[in-house]
Amino acid sequence: MVFRALRYKNFRIFFFGQGVSLIGTWMQHVAMSWLVYRMTGSAFMLGVVGFASQFPTFILSPFTGVLADRHNRHKILVLTQALALLQALILAILTMTGNIQVWHIVVMGIFLGCINSLDIPVRQSFILQMIEEKENLGNAIALNSMMFNMARLVGPSIAGVLIAIAGEGVCFLVNAVSYVAVIASLVAMDEGIKIRKDKREDYNIFKDLKEGFNYAFGFQPIRAILLLLGIISLMGMSYAVLMPVFAKDVLGGGPHTLGFLMAAVGLGALAGTVYLASGKKAIVFGNTLPVSAGIFGIGITAFSFSHNMWVSLFLLFIAGFGIMVQMAASNTILQTIVDDDKRGRVMSFYTMSFMGMAPLGSLLAGGMATRFGAGNTLVISGICCIIAAVIFFFKIPFLRNIARRPEQIY
């Protein structure tokens with residue numbers, strides 16, 4: 001059953017509240033990219049803004065993972081969502097009053113990156129608390145990804161229309177309002193889930209960080225998954241930063257074109273989450289990771305050569321499917337094989353590999369696009385992803401033997 005994890009009340013409330021909020025988040029993402037490119041006309045500045053908004057995740061996530069293991073995750077999530085609301089509201093006010101400058105966007109991006117560095121590992125670790133039964137963890141992660149990508153499908157399309165009609169500031173304002181939904185869902189949860197009985201406040205953050213690092217990178221299956229995810233994020237995820245360039249300069253469109261391109265990625269990712277959620281097993285440690293990574297690499301490589309809107313949409317659909325299956329399957333495998341008392345720290349390394357490497361990739365892609373062109377940049381990125389997938393593929397038998405748990409991994 002695709003939606004079996006929704007039978008848990010707390011997860012169901014969170015699912016719908018977060019779904020509303022994420023539509024606003026994707027609207028802001030598209031509006032911010034378009035605003036920066038409209039103001040500067042620079043692919044490099046797109047890379048700088050992407051770097052600023054995501055690099056704090058790379059630096060701070062290992063430390064916030066310790067907080068996720070030692071403090072009340074519910075209270076942390078309420079705090080992070082309130083701070084994200086404030087960030088979106090500031091952007092809306094600056095933009096709608098005509099006072100917005102690029103440095104404002106960079107500073108607000110850094111602020112949001114700091115928030116996300118705490119929010120993401122805590123939210124990922126909180127999923128198991130909401131569903132209570134580990135056998136449905138994979139389905140809950142897939143549904144969480146499905147919610148994310150349904151928002152990615154809807155948000156950019158709405159943003160493209162709103163930008164054309166009313167400007168970017170309205171998108172920021174809608175995002176600020178949307179955070180009320182997720183905060184309300186957290187408040188509405190059962191009282192029992194708001195109290196974490198195993199939390200610890202007497203700990204040494206550096207000692208616990210070292211313990212988590214040794215655990216994650218000393219176990220070869222976890223290390224291999226994190227390395228593959230990191231390479232895909234560093235070299236492949238830069239396609240999103242360059243999307244305004246393809247929308248405007250390659251396809252000759254406007255903000256609505258950018259919205260459609262981003263929506264195509266979201267639709268493909270949504271199809272990937274449906275594929276994962278429909279699986280009966282909790283986890284698949286087989287060819288899923290390298291094949292999905294290879295599909296993603298092929299998709300963005302082929303997209304770089306396209307000058308036709310419909311072909312571009314199809315190829316981005318393929319790329320979206322590949323990256324979402326790869327990301328969600330990695331999440332599921334890690335959360336299934338990890339010890340509960342180290343879940344937050346391992347998920348912080350997952351966040352660092354996926355979200356934290358992306359800013360370095362954004363900066364690299366912006367510089368490469370300025371020198372070699374956006375199309376050539378994506379070709380190089382796609383080939384690197386394909387090579388990483390092939391290397392991982394040949395390591396699967398070895399990794400499977402080390403991590404084998406017959407009831408979960410096959």
# chains A, B, ... in the order shown; residues from 1 in each chain; ligands from 1
$ residues_around --residues "A:Val170" --least-positions-apart "3" --cutoff "9 Å" --atoms "only C-alpha atoms" --output "list of chain:residue names"
A:Ala92, A:Thr95, A:Met96, A:Ala159, A:Leu162, A:Ile163, A:Ala166, A:Gly167, A:Leu173, A:Val174, A:Asn175
$ closest_atom_pairs --of "stretch 309-356 of chain A" --to "stretch 134-138 of chain A" --cutoff "12 Å" --atoms "only C-alpha atoms" --output "CSV"
residue,atom,partner,partner_atom,distance
A:Val325,CA,A:Gly138,CA,12.0
A:Ala328,CA,A:Gly138,CA,8.6
A:Ala329,CA,A:Gly138,CA,8.2
A:Ser330,CA,A:Gly138,CA,10.3
A:Asn331,CA,A:Gly138,CA,8.5
A:Thr332,CA,A:Gly138,CA,5.3
A:Ile333,CA,A:Gly138,CA,8.3
A:Leu334,CA,A:Gly138,CA,10.3
A:Gln335,CA,A:Leu137,CA,8.0
A:Thr336,CA,A:Lys134,CA,7.7
A:Ile337,CA,A:Lys134,CA,10.8
A:Val338,CA,A:Lys134,CA,11.6
A:Asp339,CA,A:Lys134,CA,11.9
A:Asp340,CA,A:Lys134,CA,10.6
$ residues_around --residues "A:Phe126" --least-positions-apart "5" --cutoff "10 Å" --atoms "only C-alpha atoms" --output "list in words"
Phe11, Ala68, Asn72, Arg73, His74, Leu77, Ile120, Pro121, Ile131, Ile193, Arg343 and Gly344 of chain A
$ write_last_selection --atoms "N, CA and C atoms" --output "compact mmCIF listing (two decimals), in the first residue's frame"
# COMPACT_ATOMS: atom_id res chain seq x y z
N PHE A 11 2.36 11.53 11.88
CA PHE A 11 2.97 11.64 10.56
C PHE A 11 2.00 12.23 9.55
N ALA A 68 20.56 16.89 17.31
CA ALA A 68 19.41 16.05 16.97
C ALA A 68 19.37 14.78 17.81
N ASN A 72 15.40 17.69 22.29
CA ASN A 72 14.01 17.47 21.88
C ASN A 72 13.83 17.90 20.43
N ARG A 73 13.62 16.94 19.55
CA ARG A 73 13.53 17.23 18.12
C ARG A 73 12.29 18.03 17.77
N HIS A 74 11.21 17.79 18.46
CA HIS A 74 9.96 18.52 18.19
C HIS A 74 10.13 20.01 18.44
N LEU A 77 12.27 21.67 15.74
CA LEU A 77 11.56 21.88 14.48
C LEU A 77 10.64 23.10 14.54
N ILE A 120 17.14 20.04 8.78
CA ILE A 120 17.10 18.84 7.95
C ILE A 120 17.47 17.57 8.71
N PRO A 121 18.62 17.51 9.40
CA PRO A 121 18.93 16.27 10.13
C PRO A 121 17.93 15.98 11.25
N ILE A 131 6.30 7.66 13.11
CA ILE A 131 5.63 6.45 12.60
C ILE A 131 5.70 5.28 13.57
N ILE A 193 4.62 12.76 21.78
CA ILE A 193 5.72 12.89 20.82
C ILE A 193 6.51 14.18 21.06
N ARG A 343 21.41 8.05 15.04
CA ARG A 343 20.62 8.38 13.85
C ARG A 343 20.79 9.85 13.44
N GLY A 344 20.71 10.76 14.41
CA GLY A 344 20.82 12.18 14.09
C GLY A 344 22.16 12.53 13.47
$ closest_atom_pairs --of "stretch 77-180 of chain A" --to "stretch 244-263 of chain A" --cutoff "9 Å" --atoms "only C-alpha atoms" --output "tab-separated table"
residue	atom	partner	partner_atom	distance
A:Asn149	CA	A:Ala263	CA	8.9
A:Arg152	CA	A:Ala263	CA	6.1
A:Leu153	CA	A:Ala263	CA	4.3
A:Val154	CA	A:Ala263	CA	6.9
A:Gly155	CA	A:Ala263	CA	7.9
A:Pro156	CA	A:Gly259	CA	4.5
A:Ser157	CA	A:Gly259	CA	4.8
A:Ile158	CA	A:Gly259	CA	7.7
A:Ala159	CA	A:Gly259	CA	6.8
A:Gly160	CA	A:His256	CA	4.3
A:Val161	CA	A:His256	CA	6.1
A:Ile163	CA	A:Pro255	CA	6.9
A:Ala164	CA	A:Pro255	CA	6.8
$ closest_residue --among "A:Cys384, A:Met347, A:Met150, A:Ile93" --to "A:Val265" --atoms "only C-alpha atoms"
A:Met150
